[in-house]
>>> print(open('run-v8.cif').read())   # mmCIF, N, CA and C atoms and all ligand atoms
data_work
loop_
_atom_site.label_atom_id
_atom_site.label_comp_id
_atom_site.auth_asym_id
_atom_site.auth_seq_id
_atom_site.Cartn_x
_atom_site.Cartn_y
_atom_site.Cartn_z
N MET G 1 -12.11 -45.05 -50.19
CA MET G 1 -11.21 -45.97 -50.89
C MET G 1 -11.99 -46.77 -51.93
N THR G 2 -11.38 -46.95 -53.08
CA THR G 2 -12.03 -47.74 -54.14
C THR G 2 -11.68 -49.21 -53.98
N LYS G 3 -12.70 -50.05 -54.02
CA LYS G 3 -12.49 -51.50 -53.92
C LYS G 3 -12.88 -52.15 -55.25
N ASN G 4 -12.31 -53.29 -55.50
CA ASN G 4 -12.61 -54.00 -56.75
C ASN G 4 -13.37 -55.30 -56.51
N ILE G 5 -14.21 -55.62 -57.49
CA ILE G 5 -14.83 -56.94 -57.54
C ILE G 5 -14.27 -57.59 -58.81
N ASN G 6 -13.78 -58.79 -58.68
CA ASN G 6 -13.27 -59.50 -59.85
C ASN G 6 -14.29 -60.55 -60.31
N VAL G 7 -14.54 -60.54 -61.60
CA VAL G 7 -15.51 -61.48 -62.17
C VAL G 7 -14.85 -62.22 -63.32
N LYS G 8 -15.06 -63.53 -63.36
CA LYS G 8 -14.58 -64.34 -64.48
C LYS G 8 -15.82 -64.80 -65.24
N THR G 9 -16.02 -64.26 -66.44
CA THR G 9 -17.23 -64.62 -67.18
C THR G 9 -16.98 -65.89 -68.00
N GLY G 10 -18.08 -66.59 -68.30
CA GLY G 10 -17.95 -67.89 -68.95
C GLY G 10 -18.45 -67.95 -70.38
N SER G 11 -19.11 -66.87 -70.85
CA SER G 11 -19.59 -66.88 -72.23
C SER G 11 -19.49 -65.48 -72.82
N ARG G 12 -19.79 -65.37 -74.11
CA ARG G 12 -19.58 -64.08 -74.79
C ARG G 12 -20.47 -63.00 -74.19
N THR G 13 -21.76 -63.33 -74.02
CA THR G 13 -22.70 -62.39 -73.41
C THR G 13 -23.22 -63.01 -72.12
N GLU G 14 -23.13 -62.23 -71.05
CA GLU G 14 -23.51 -62.78 -69.75
C GLU G 14 -23.78 -61.64 -68.77
N PHE G 15 -24.88 -61.73 -68.03
CA PHE G 15 -25.17 -60.76 -66.98
C PHE G 15 -24.92 -61.44 -65.64
N VAL G 16 -24.06 -60.82 -64.82
CA VAL G 16 -23.70 -61.40 -63.53
C VAL G 16 -24.28 -60.51 -62.42
N ASN G 17 -25.09 -61.11 -61.56
CA ASN G 17 -25.67 -60.36 -60.44
C ASN G 17 -24.58 -60.11 -59.39
N ILE G 18 -24.20 -58.84 -59.21
CA ILE G 18 -23.12 -58.50 -58.28
C ILE G 18 -23.64 -57.74 -57.05
N THR G 19 -24.96 -57.77 -56.86
CA THR G 19 -25.58 -57.00 -55.76
C THR G 19 -24.97 -57.33 -54.39
N LEU G 20 -24.83 -58.63 -54.10
CA LEU G 20 -24.32 -59.02 -52.78
C LEU G 20 -22.86 -58.63 -52.60
N ASP G 21 -22.09 -58.71 -53.70
CA ASP G 21 -20.68 -58.31 -53.63
C ASP G 21 -20.56 -56.81 -53.35
N VAL G 22 -21.42 -56.02 -54.01
CA VAL G 22 -21.39 -54.56 -53.80
C VAL G 22 -21.82 -54.25 -52.37
N GLN G 23 -22.90 -54.90 -51.92
CA GLN G 23 -23.40 -54.67 -50.55
C GLN G 23 -22.32 -55.00 -49.51
N LYS G 24 -21.57 -56.07 -49.77
CA LYS G 24 -20.50 -56.49 -48.85
C LYS G 24 -19.42 -55.38 -48.73
N LEU G 25 -19.06 -54.80 -49.89
CA LEU G 25 -18.04 -53.75 -49.88
C LEU G 25 -18.55 -52.48 -49.20
N VAL G 26 -19.85 -52.20 -49.36
CA VAL G 26 -20.45 -51.04 -48.68
C VAL G 26 -20.39 -51.26 -47.17
N LYS G 27 -20.71 -52.47 -46.74
CA LYS G 27 -20.67 -52.79 -45.31
C LYS G 27 -19.24 -52.62 -44.77
N GLU G 28 -18.26 -53.14 -45.52
CA GLU G 28 -16.86 -53.05 -45.11
C GLU G 28 -16.38 -51.61 -45.04
N SER G 29 -16.96 -50.74 -45.88
CA SER G 29 -16.53 -49.34 -45.92
C SER G 29 -16.94 -48.59 -44.66
N GLY G 30 -17.96 -49.09 -43.96
CA GLY G 30 -18.44 -48.42 -42.76
C GLY G 30 -19.33 -47.21 -43.05
N ILE G 31 -19.56 -46.92 -44.33
CA ILE G 31 -20.43 -45.79 -44.70
C ILE G 31 -21.88 -46.16 -44.38
N LYS G 32 -22.55 -45.28 -43.63
CA LYS G 32 -23.95 -45.55 -43.24
C LYS G 32 -24.93 -44.80 -44.15
N ASN G 33 -24.58 -43.57 -44.49
CA ASN G 33 -25.45 -42.76 -45.34
C ASN G 33 -24.62 -42.08 -46.41
N GLY G 34 -24.99 -42.34 -47.65
CA GLY G 34 -24.22 -41.73 -48.74
C GLY G 34 -24.62 -42.33 -50.07
N VAL G 35 -23.63 -42.44 -50.95
CA VAL G 35 -23.89 -43.04 -52.26
C VAL G 35 -22.79 -44.04 -52.58
N CYS G 36 -23.18 -45.01 -53.40
CA CYS G 36 -22.23 -46.02 -53.85
C CYS G 36 -22.14 -45.96 -55.36
N TYR G 37 -20.92 -45.79 -55.85
CA TYR G 37 -20.68 -45.78 -57.29
C TYR G 37 -20.14 -47.14 -57.72
N VAL G 38 -20.71 -47.67 -58.76
CA VAL G 38 -20.24 -48.93 -59.33
C VAL G 38 -19.78 -48.60 -60.74
N TYR G 39 -18.49 -48.85 -61.00
CA TYR G 39 -17.92 -48.43 -62.27
C TYR G 39 -17.17 -49.59 -62.93
N VAL G 40 -17.42 -49.77 -64.22
CA VAL G 40 -16.76 -50.84 -64.99
C VAL G 40 -15.74 -50.23 -65.95
N PRO G 41 -14.45 -50.48 -65.72
CA PRO G 41 -13.41 -49.85 -66.54
C PRO G 41 -13.06 -50.66 -67.79
N HIS G 42 -14.07 -51.06 -68.54
CA HIS G 42 -13.85 -51.84 -69.76
C HIS G 42 -14.66 -51.24 -70.90
N THR G 43 -14.26 -51.49 -72.13
CA THR G 43 -14.98 -50.91 -73.27
C THR G 43 -15.97 -51.88 -73.90
N THR G 44 -15.95 -53.14 -73.43
CA THR G 44 -16.88 -54.13 -73.98
C THR G 44 -17.66 -54.84 -72.87
N ALA G 45 -17.82 -54.16 -71.74
CA ALA G 45 -18.62 -54.66 -70.63
C ALA G 45 -19.13 -53.45 -69.85
N GLY G 46 -20.31 -53.58 -69.28
CA GLY G 46 -20.89 -52.45 -68.57
C GLY G 46 -21.63 -52.88 -67.32
N VAL G 47 -22.51 -52.00 -66.86
CA VAL G 47 -23.27 -52.30 -65.65
C VAL G 47 -24.69 -51.76 -65.84
N THR G 48 -25.67 -52.52 -65.30
CA THR G 48 -27.05 -52.04 -65.35
C THR G 48 -27.77 -52.48 -64.09
N ILE G 49 -28.80 -51.71 -63.72
CA ILE G 49 -29.63 -52.06 -62.57
C ILE G 49 -31.00 -52.43 -63.13
N ASN G 50 -31.42 -53.67 -62.86
CA ASN G 50 -32.72 -54.10 -63.35
C ASN G 50 -33.23 -55.26 -62.50
N GLU G 51 -34.29 -55.90 -62.95
CA GLU G 51 -34.91 -56.95 -62.13
C GLU G 51 -34.00 -58.15 -61.89
N GLY G 52 -33.89 -58.53 -60.60
CA GLY G 52 -33.07 -59.67 -60.24
C GLY G 52 -33.89 -60.87 -59.81
N ALA G 53 -35.20 -60.67 -59.60
CA ALA G 53 -36.05 -61.76 -59.10
C ALA G 53 -36.34 -62.81 -60.16
N ASP G 54 -36.72 -62.37 -61.35
CA ASP G 54 -37.02 -63.29 -62.45
C ASP G 54 -35.87 -63.27 -63.45
N PRO G 55 -35.11 -64.38 -63.53
CA PRO G 55 -33.94 -64.41 -64.43
C PRO G 55 -34.31 -64.24 -65.90
N SER G 56 -35.60 -64.43 -66.25
CA SER G 56 -36.02 -64.25 -67.64
C SER G 56 -35.82 -62.81 -68.10
N VAL G 57 -35.88 -61.87 -67.16
CA VAL G 57 -35.77 -60.46 -67.54
C VAL G 57 -34.40 -60.17 -68.14
N VAL G 58 -33.32 -60.57 -67.46
CA VAL G 58 -32.00 -60.26 -68.02
C VAL G 58 -31.72 -61.12 -69.26
N GLN G 59 -32.36 -62.29 -69.34
CA GLN G 59 -32.23 -63.09 -70.58
C GLN G 59 -32.88 -62.35 -71.74
N ASP G 60 -34.07 -61.77 -71.47
CA ASP G 60 -34.76 -61.01 -72.51
C ASP G 60 -33.94 -59.79 -72.94
N ILE G 61 -33.33 -59.11 -71.97
CA ILE G 61 -32.51 -57.94 -72.30
C ILE G 61 -31.35 -58.36 -73.21
N GLN G 62 -30.67 -59.45 -72.85
CA GLN G 62 -29.56 -59.93 -73.66
C GLN G 62 -30.02 -60.36 -75.06
N ASN G 63 -31.13 -61.10 -75.12
CA ASN G 63 -31.65 -61.55 -76.41
C ASN G 63 -32.00 -60.38 -77.32
N MET G 64 -32.64 -59.36 -76.73
CA MET G 64 -33.04 -58.22 -77.55
C MET G 64 -31.84 -57.39 -77.99
N LEU G 65 -30.84 -57.24 -77.09
CA LEU G 65 -29.63 -56.52 -77.48
C LEU G 65 -28.92 -57.25 -78.63
N ASN G 66 -28.91 -58.60 -78.55
CA ASN G 66 -28.28 -59.39 -79.62
C ASN G 66 -29.03 -59.24 -80.94
N LYS G 67 -30.35 -59.11 -80.84
CA LYS G 67 -31.17 -58.95 -82.04
C LYS G 67 -30.96 -57.56 -82.66
N LEU G 68 -30.95 -56.55 -81.79
CA LEU G 68 -30.81 -55.17 -82.25
C LEU G 68 -29.41 -54.86 -82.77
N ILE G 69 -28.41 -55.49 -82.13
CA ILE G 69 -27.01 -55.19 -82.46
C ILE G 69 -26.31 -56.51 -82.80
N PRO G 70 -26.41 -56.96 -84.05
CA PRO G 70 -25.82 -58.25 -84.44
C PRO G 70 -24.29 -58.25 -84.31
N HIS G 71 -23.75 -59.45 -84.13
CA HIS G 71 -22.30 -59.61 -83.97
C HIS G 71 -21.56 -59.13 -85.22
N ASP G 72 -22.12 -59.45 -86.39
CA ASP G 72 -21.48 -59.06 -87.64
C ASP G 72 -22.47 -58.24 -88.48
N ALA G 73 -22.16 -56.97 -88.63
CA ALA G 73 -23.07 -56.11 -89.41
C ALA G 73 -22.27 -55.11 -90.24
N GLY G 74 -21.11 -55.57 -90.74
CA GLY G 74 -20.29 -54.72 -91.58
C GLY G 74 -19.65 -53.55 -90.84
N TYR G 75 -19.24 -53.80 -89.60
CA TYR G 75 -18.63 -52.73 -88.79
C TYR G 75 -17.24 -52.39 -89.32
N ARG G 76 -16.75 -51.20 -89.02
CA ARG G 76 -15.42 -50.75 -89.46
C ARG G 76 -14.30 -51.23 -88.53
N HIS G 77 -14.60 -51.31 -87.23
CA HIS G 77 -13.62 -51.71 -86.22
C HIS G 77 -13.11 -53.12 -86.52
N MET G 78 -11.78 -53.23 -86.72
CA MET G 78 -11.19 -54.49 -87.22
C MET G 78 -11.11 -55.60 -86.17
N GLU G 79 -11.30 -55.25 -84.90
CA GLU G 79 -11.14 -56.25 -83.84
C GLU G 79 -12.28 -57.28 -83.83
N GLY G 80 -13.37 -56.96 -84.54
CA GLY G 80 -14.47 -57.92 -84.62
C GLY G 80 -15.41 -57.92 -83.44
N ASN G 81 -15.34 -56.88 -82.60
CA ASN G 81 -16.23 -56.86 -81.43
C ASN G 81 -16.99 -55.54 -81.31
N SER G 82 -17.28 -54.94 -82.45
CA SER G 82 -18.02 -53.66 -82.41
C SER G 82 -19.36 -53.79 -81.73
N ASP G 83 -20.03 -54.94 -81.91
CA ASP G 83 -21.33 -55.12 -81.25
C ASP G 83 -21.18 -54.98 -79.74
N ALA G 84 -20.09 -55.50 -79.19
CA ALA G 84 -19.85 -55.42 -77.75
C ALA G 84 -19.61 -53.97 -77.31
N HIS G 85 -18.87 -53.20 -78.15
CA HIS G 85 -18.65 -51.79 -77.82
C HIS G 85 -19.97 -51.02 -77.82
N ILE G 86 -20.82 -51.29 -78.82
CA ILE G 86 -22.10 -50.58 -78.93
C ILE G 86 -23.01 -50.92 -77.76
N LYS G 87 -23.10 -52.20 -77.42
CA LYS G 87 -23.95 -52.62 -76.29
C LYS G 87 -23.46 -51.97 -74.99
N THR G 88 -22.13 -51.87 -74.84
CA THR G 88 -21.57 -51.25 -73.63
C THR G 88 -21.98 -49.79 -73.54
N SER G 89 -21.94 -49.09 -74.69
CA SER G 89 -22.37 -47.68 -74.66
C SER G 89 -23.84 -47.56 -74.32
N LEU G 90 -24.64 -48.51 -74.78
CA LEU G 90 -26.08 -48.45 -74.49
C LEU G 90 -26.39 -48.68 -73.01
N VAL G 91 -25.80 -49.70 -72.41
CA VAL G 91 -26.11 -49.96 -71.00
C VAL G 91 -25.35 -49.02 -70.06
N GLY G 92 -24.21 -48.51 -70.51
CA GLY G 92 -23.43 -47.59 -69.69
C GLY G 92 -22.37 -48.29 -68.86
N SER G 93 -21.44 -47.50 -68.36
CA SER G 93 -20.29 -48.03 -67.62
C SER G 93 -20.38 -47.84 -66.12
N SER G 94 -21.47 -47.23 -65.65
CA SER G 94 -21.55 -47.00 -64.21
C SER G 94 -22.99 -47.01 -63.71
N GLY G 95 -23.12 -47.18 -62.42
CA GLY G 95 -24.41 -47.12 -61.76
C GLY G 95 -24.22 -46.48 -60.39
N THR G 96 -25.25 -45.84 -59.88
CA THR G 96 -25.17 -45.19 -58.58
C THR G 96 -26.35 -45.64 -57.73
N VAL G 97 -26.08 -46.03 -56.50
CA VAL G 97 -27.14 -46.45 -55.60
C VAL G 97 -26.98 -45.68 -54.28
N ILE G 98 -28.09 -45.21 -53.74
CA ILE G 98 -28.06 -44.51 -52.45
C ILE G 98 -27.83 -45.53 -51.33
N ILE G 99 -27.04 -45.12 -50.33
CA ILE G 99 -26.80 -45.96 -49.15
C ILE G 99 -27.55 -45.35 -47.97
N GLU G 100 -28.36 -46.15 -47.31
CA GLU G 100 -29.05 -45.69 -46.10
C GLU G 100 -28.97 -46.78 -45.04
N GLY G 101 -28.55 -46.40 -43.86
CA GLY G 101 -28.41 -47.37 -42.77
C GLY G 101 -27.41 -48.47 -43.12
N GLY G 102 -26.40 -48.12 -43.91
CA GLY G 102 -25.36 -49.08 -44.29
C GLY G 102 -25.79 -50.04 -45.39
N LYS G 103 -26.99 -49.83 -45.93
CA LYS G 103 -27.49 -50.75 -46.95
C LYS G 103 -27.78 -50.04 -48.26
N LEU G 104 -27.64 -50.78 -49.35
CA LEU G 104 -27.98 -50.24 -50.66
C LEU G 104 -29.49 -50.04 -50.72
N LEU G 105 -29.92 -48.84 -51.13
CA LEU G 105 -31.35 -48.53 -51.16
C LEU G 105 -31.93 -48.92 -52.53
N LEU G 106 -31.90 -50.21 -52.80
CA LEU G 106 -32.44 -50.71 -54.08
C LEU G 106 -33.93 -51.00 -53.91
N GLY G 107 -34.66 -50.94 -55.01
CA GLY G 107 -36.08 -51.33 -54.99
C GLY G 107 -36.19 -52.83 -54.77
N THR G 108 -37.36 -53.27 -54.37
CA THR G 108 -37.60 -54.68 -54.03
C THR G 108 -37.08 -55.64 -55.09
N TRP G 109 -37.32 -55.31 -56.36
CA TRP G 109 -36.97 -56.24 -57.43
C TRP G 109 -35.66 -55.91 -58.12
N GLN G 110 -35.01 -54.85 -57.65
CA GLN G 110 -33.79 -54.41 -58.34
C GLN G 110 -32.55 -55.17 -57.92
N ALA G 111 -31.67 -55.38 -58.89
CA ALA G 111 -30.36 -55.97 -58.64
C ALA G 111 -29.35 -55.25 -59.53
N ILE G 112 -28.08 -55.32 -59.14
CA ILE G 112 -27.02 -54.71 -59.93
C ILE G 112 -26.36 -55.81 -60.76
N PHE G 113 -26.31 -55.60 -62.06
CA PHE G 113 -25.74 -56.61 -62.95
C PHE G 113 -24.49 -56.09 -63.66
N PHE G 114 -23.44 -56.89 -63.61
CA PHE G 114 -22.29 -56.67 -64.48
C PHE G 114 -22.67 -57.28 -65.84
N CYS G 115 -22.46 -56.53 -66.91
CA CYS G 115 -22.89 -56.97 -68.24
C CYS G 115 -21.69 -57.27 -69.13
N GLU G 116 -21.45 -58.54 -69.34
CA GLU G 116 -20.37 -58.98 -70.24
C GLU G 116 -20.90 -59.02 -71.67
N PHE G 117 -20.15 -58.40 -72.60
CA PHE G 117 -20.56 -58.45 -74.01
C PHE G 117 -19.48 -59.03 -74.92
N ASP G 118 -18.30 -59.32 -74.37
CA ASP G 118 -17.22 -59.87 -75.20
C ASP G 118 -16.40 -60.88 -74.41
N GLY G 119 -17.11 -61.78 -73.71
CA GLY G 119 -16.42 -62.78 -72.90
C GLY G 119 -16.09 -64.01 -73.72
N PRO G 120 -15.61 -65.06 -73.05
CA PRO G 120 -15.28 -65.06 -71.62
C PRO G 120 -13.97 -64.30 -71.34
N ARG G 121 -13.97 -63.57 -70.23
CA ARG G 121 -12.79 -62.78 -69.84
C ARG G 121 -12.74 -62.62 -68.32
N ASP G 122 -11.56 -62.20 -67.85
CA ASP G 122 -11.41 -61.77 -66.46
C ASP G 122 -11.74 -60.28 -66.43
N ARG G 123 -12.67 -59.90 -65.58
CA ARG G 123 -13.13 -58.51 -65.55
C ARG G 123 -13.01 -57.92 -64.16
N LYS G 124 -13.06 -56.59 -64.13
CA LYS G 124 -12.93 -55.86 -62.87
C LYS G 124 -14.06 -54.84 -62.76
N ILE G 125 -14.62 -54.73 -61.58
CA ILE G 125 -15.65 -53.73 -61.31
C ILE G 125 -15.16 -52.91 -60.13
N MET G 126 -15.19 -51.59 -60.26
CA MET G 126 -14.74 -50.71 -59.18
C MET G 126 -15.94 -50.21 -58.38
N VAL G 127 -15.80 -50.24 -57.06
CA VAL G 127 -16.88 -49.81 -56.18
C VAL G 127 -16.35 -48.76 -55.21
N LYS G 128 -17.03 -47.63 -55.16
CA LYS G 128 -16.63 -46.58 -54.22
C LYS G 128 -17.85 -46.11 -53.45
N ALA G 129 -17.79 -46.27 -52.14
CA ALA G 129 -18.85 -45.79 -51.26
C ALA G 129 -18.40 -44.46 -50.67
N MET G 130 -19.29 -43.45 -50.73
CA MET G 130 -18.94 -42.13 -50.21
C MET G 130 -20.06 -41.66 -49.29
N GLY G 131 -19.68 -40.97 -48.23
CA GLY G 131 -20.69 -40.46 -47.31
C GLY G 131 -20.14 -40.47 -45.90
N GLU G 132 -21.02 -40.68 -44.94
CA GLU G 132 -20.59 -40.62 -43.54
C GLU G 132 -20.94 -41.90 -42.80
ZN ZN G 201 -12.76 -53.68 -79.90
#
>>> encode(input="run-v8.cif", output="structure tokens")
Amino acid sequence: MTKNINVKTGSRTEFVNITLDVQKLVKESGIKNGVCYVYVPHTTAGVTINEGADPSVVQDIQNMLNKLIPHDAGYRHMEGNSDAHIKTSLVGSSGTVIIEGGKLLLGTWQAIFFCEFDGPRDRKIMVKAMGE
């Protein structure tokens, strides 16, 4: 069964650590060994797995993405959020983590981040745990 995590973002660009929310849904699923899919059904927000211990890391990622992909750069898309679409394509819309012993098999420093690029908005993240 697919479960949702709802996130309310507070600024235009924001990385939200959703690791504990995902782990909670994996536990509720009862799956002990398998895989967990994390999927973001939006075109201006994505998901990435990176360092969660030092918050400077995700700040650096956001700062560099903003530098590489400016908000206004003569884009054709009339909605005014092409930078958010491009950033979403770069980070991707999904992540996969192995489940072992009912737990997400993340590396010591890894965390799962929901990546907002066109907030603030109400967002949804889909989580599906599969296995036995
Ligand atoms: Zn758009």
>>> residues_around(input="run-v8.cif", residues="range 82-98 of chain G", least_positions_apart="3", cutoff="8 Å", atoms="only C-alpha atoms", output="mmCIF file with N, CA and C atoms, keeping the file's coordinate frame")
data_model
loop_
_atom_site.group_PDB
_atom_site.id
_atom_site.type_symbol
_atom_site.label_atom_id
_atom_site.label_comp_id
_atom_site.auth_asym_id
_atom_site.auth_seq_id
_atom_site.Cartn_x
_atom_site.Cartn_y
_atom_site.Cartn_z
ATOM 1 N N ASN G 33 -24.580 -43.570 -44.490
ATOM 2 C CA ASN G 33 -25.450 -42.760 -45.340
ATOM 3 C C ASN G 33 -24.620 -42.080 -46.410
ATOM 4 N N GLY G 34 -24.990 -42.340 -47.650
ATOM 5 C CA GLY G 34 -24.220 -41.730 -48.740
ATOM 6 C C GLY G 34 -24.620 -42.330 -50.070
ATOM 7 N N VAL G 35 -23.630 -42.440 -50.950
ATOM 8 C CA VAL G 35 -23.890 -43.040 -52.260
ATOM 9 C C VAL G 35 -22.790 -44.040 -52.580
ATOM 10 N N CYS G 36 -23.180 -45.010 -53.400
ATOM 11 C CA CYS G 36 -22.230 -46.020 -53.850
ATOM 12 C C CYS G 36 -22.140 -45.960 -55.360
ATOM 13 N N TYR G 37 -20.920 -45.790 -55.850
ATOM 14 C CA TYR G 37 -20.680 -45.780 -57.290
ATOM 15 C C TYR G 37 -20.140 -47.140 -57.720
ATOM 16 N N VAL G 38 -20.710 -47.670 -58.760
ATOM 17 C CA VAL G 38 -20.240 -48.930 -59.330
ATOM 18 C C VAL G 38 -19.780 -48.600 -60.740
ATOM 19 N N TYR G 39 -18.490 -48.850 -61.000
ATOM 20 C CA TYR G 39 -17.920 -48.430 -62.270
ATOM 21 C C TYR G 39 -17.170 -49.590 -62.930
ATOM 22 N N VAL G 40 -17.420 -49.770 -64.220
ATOM 23 C CA VAL G 40 -16.760 -50.840 -64.990
ATOM 24 C C VAL G 40 -15.740 -50.230 -65.950
ATOM 25 N N PRO G 41 -14.450 -50.480 -65.720
ATOM 26 C CA PRO G 41 -13.410 -49.850 -66.540
ATOM 27 C C PRO G 41 -13.060 -50.660 -67.790
ATOM 28 N N HIS G 42 -14.070 -51.060 -68.540
ATOM 29 C CA HIS G 42 -13.850 -51.840 -69.760
ATOM 30 C C HIS G 42 -14.660 -51.240 -70.900
ATOM 31 N N THR G 43 -14.260 -51.490 -72.130
ATOM 32 C CA THR G 43 -14.980 -50.910 -73.270
ATOM 33 C C THR G 43 -15.970 -51.880 -73.900
ATOM 34 N N THR G 44 -15.950 -53.140 -73.430
ATOM 35 C CA THR G 44 -16.880 -54.130 -73.980
ATOM 36 C C THR G 44 -17.660 -54.840 -72.870
ATOM 37 N N ALA G 45 -17.820 -54.160 -71.740
ATOM 38 C CA ALA G 45 -18.620 -54.660 -70.630
ATOM 39 C C ALA G 45 -19.130 -53.450 -69.850
ATOM 40 N N GLY G 46 -20.310 -53.580 -69.280
ATOM 41 C CA GLY G 46 -20.890 -52.450 -68.570
ATOM 42 C C GLY G 46 -21.630 -52.880 -67.320
ATOM 43 N N VAL G 47 -22.510 -52.000 -66.860
ATOM 44 C CA VAL G 47 -23.270 -52.300 -65.650
ATOM 45 C C VAL G 47 -24.690 -51.760 -65.840
ATOM 46 N N THR G 48 -25.670 -52.520 -65.300
ATOM 47 C CA THR G 48 -27.050 -52.040 -65.350
ATOM 48 C C THR G 48 -27.770 -52.480 -64.090
ATOM 49 N N ILE G 49 -28.800 -51.710 -63.720
ATOM 50 C CA ILE G 49 -29.630 -52.060 -62.570
ATOM 51 C C ILE G 49 -31.000 -52.430 -63.130
ATOM 52 N N LEU G 65 -30.840 -57.240 -77.090
ATOM 53 C CA LEU G 65 -29.630 -56.520 -77.480
ATOM 54 C C LEU G 65 -28.920 -57.250 -78.630
ATOM 55 N N ILE G 69 -28.410 -55.490 -82.130
ATOM 56 C CA ILE G 69 -27.010 -55.190 -82.460
ATOM 57 C C ILE G 69 -26.310 -56.510 -82.800
ATOM 58 N N PRO G 70 -26.410 -56.960 -84.050
ATOM 59 C CA PRO G 70 -25.820 -58.250 -84.440
ATOM 60 C C PRO G 70 -24.290 -58.250 -84.310
ATOM 61 N N HIS G 71 -23.750 -59.450 -84.130
ATOM 62 C CA HIS G 71 -22.300 -59.610 -83.970
ATOM 63 C C HIS G 71 -21.560 -59.130 -85.220
ATOM 64 N N ASP G 72 -22.120 -59.450 -86.390
ATOM 65 C CA ASP G 72 -21.480 -59.060 -87.640
ATOM 66 C C ASP G 72 -22.470 -58.240 -88.480
ATOM 67 N N TYR G 75 -19.240 -53.800 -89.600
ATOM 68 C CA TYR G 75 -18.630 -52.730 -88.790
ATOM 69 C C TYR G 75 -17.240 -52.390 -89.320
ATOM 70 N N HIS G 77 -14.600 -51.310 -87.230
ATOM 71 C CA HIS G 77 -13.620 -51.710 -86.220
ATOM 72 C C HIS G 77 -13.110 -53.120 -86.520
ATOM 73 N N GLU G 79 -11.300 -55.250 -84.900
ATOM 74 C CA GLU G 79 -11.140 -56.250 -83.840
ATOM 75 C C GLU G 79 -12.280 -57.280 -83.830
ATOM 76 N N LEU G 104 -27.640 -50.780 -49.350
ATOM 77 C CA LEU G 104 -27.980 -50.240 -50.660
ATOM 78 C C LEU G 104 -29.490 -50.040 -50.720
ATOM 79 N N LEU G 105 -29.920 -48.840 -51.130
ATOM 80 C CA LEU G 105 -31.350 -48.530 -51.160
ATOM 81 C C LEU G 105 -31.930 -48.920 -52.530
ATOM 82 N N LEU G 106 -31.900 -50.210 -52.800
ATOM 83 C CA LEU G 106 -32.440 -50.710 -54.080
ATOM 84 C C LEU G 106 -33.930 -51.000 -53.910
ATOM 85 N N CYS G 115 -22.460 -56.530 -66.910
ATOM 86 C CA CYS G 115 -22.890 -56.970 -68.240
ATOM 87 C C CYS G 115 -21.690 -57.270 -69.130
ATOM 88 N N PHE G 117 -20.150 -58.400 -72.600
ATOM 89 C CA PHE G 117 -20.560 -58.450 -74.010
ATOM 90 C C PHE G 117 -19.480 -59.030 -74.920
ATOM 91 N N ASP G 118 -18.300 -59.320 -74.370
ATOM 92 C CA ASP G 118 -17.220 -59.870 -75.200
ATOM 93 C C ASP G 118 -16.400 -60.880 -74.410
#
>>> residues_around(input="run-v8.cif", residues="Glu51 in chain G", least_positions_apart="6", cutoff="8 Å", atoms="all atoms listed in the file", output="VMD selection string")
chain G and resid 57 to 58 108 to 112
>>> write_last_selection(input="run-v8.cif", atoms="N, CA and C atoms", output="PDB file, keeping the file's coordinate frame")
ATOM      1  N   VAL G  57     -35.880 -61.870 -67.160  1.00  0.00           N
ATOM      2  CA  VAL G  57     -35.770 -60.460 -67.540  1.00  0.00           C
ATOM      3  C   VAL G  57     -34.400 -60.170 -68.140  1.00  0.00           C
ATOM      4  N   VAL G  58     -33.320 -60.570 -67.460  1.00  0.00           N
ATOM      5  CA  VAL G  58     -32.000 -60.260 -68.020  1.00  0.00           C
ATOM      6  C   VAL G  58     -31.720 -61.120 -69.260  1.00  0.00           C
ATOM      7  N   THR G 108     -37.360 -53.270 -54.370  1.00  0.00           N
ATOM      8  CA  THR G 108     -37.600 -54.680 -54.030  1.00  0.00           C
ATOM      9  C   THR G 108     -37.080 -55.640 -55.090  1.00  0.00           C
ATOM     10  N   TRP G 109     -37.320 -55.310 -56.360  1.00  0.00           N
ATOM     11  CA  TRP G 109     -36.970 -56.240 -57.430  1.00  0.00           C
ATOM     12  C   TRP G 109     -35.660 -55.910 -58.120  1.00  0.00           C
ATOM     13  N   GLN G 110     -35.010 -54.850 -57.650  1.00  0.00           N
ATOM     14  CA  GLN G 110     -33.790 -54.410 -58.340  1.00  0.00           C
ATOM     15  C   GLN G 110     -32.550 -55.170 -57.920  1.00  0.00           C
ATOM     16  N   ALA G 111     -31.670 -55.380 -58.890  1.00  0.00           N
ATOM     17  CA  ALA G 111     -30.360 -55.970 -58.640  1.00  0.00           C
ATOM     18  C   ALA G 111     -29.350 -55.250 -59.530  1.00  0.00           C
ATOM     19  N   ILE G 112     -28.080 -55.320 -59.140  1.00  0.00           N
ATOM     20  CA  ILE G 112     -27.020 -54.710 -59.930  1.00  0.00           C
ATOM     21  C   ILE G 112     -26.360 -55.810 -60.760  1.00  0.00           C
TER      22      ILE G 112
END
>>> closest_residue(input="run-v8.cif", among="G:Lys24, G:Lys3, G:Lys124, G:Arg76", to="ligand ZN 201 (chain G)", atoms="only C-alpha atoms and all ligand atoms")
G:Arg76
>>> closest_residue(input="run-v8.cif", among="G:Ala73, G:Thr9, G:Met78, G:Asp60", to="ligand ZN 201 (chain G)", atoms="only N, CA and C atoms and all ligand atoms")
G:Met78
>>> select_by_dssp(input="run-v8.cif", residues="range 28-58 of chain G", states="alpha helix (DSSP H)", output="NGL selection string")
:G and (28-29 or 55-58)
>>> atom_distance(input="run-v8.cif", atom1="CA of Ile99 in chain G", atom2="CA of Val16 in chain G")
21.3 Å
>>> closest_residue(input="run-v8.cif", among="G:Gly74, G:Val127, G:Gly10, G:Lys67", to="Val22 in chain G", atoms="all atoms listed in the file")
G:Val127
>>> residues_around(input="run-v8.cif", residues="Val7 in chain G", least_positions_apart="5", cutoff="9 Å", atoms="only C-alpha atoms", output="ChimeraX atom specification")
/G:16,114,121-125
>>> closest_residue(input="run-v8.cif", among="G:Thr19, G:Ile31, G:Ser11, G:Ala53", to="Glu100 in chain G", atoms="all atoms listed in the file")
G:Ile31
>>> decode(input="run-v8.cif", residues="range 120-124 of chain G", atoms="C-alpha atoms", output="CSV table (one decimal), in the first residue's frame")
chain,number,residue,atom,x,y,z
G,120,PRO,CA,5.9,27.9,0.1
G,121,ARG,CA,3.4,25.1,-0.8
G,122,ASP,CA,1.5,22.1,0.6
G,123,ARG,CA,3.3,19.1,-0.8
G,124,LYS,CA,2.9,15.3,-0.9
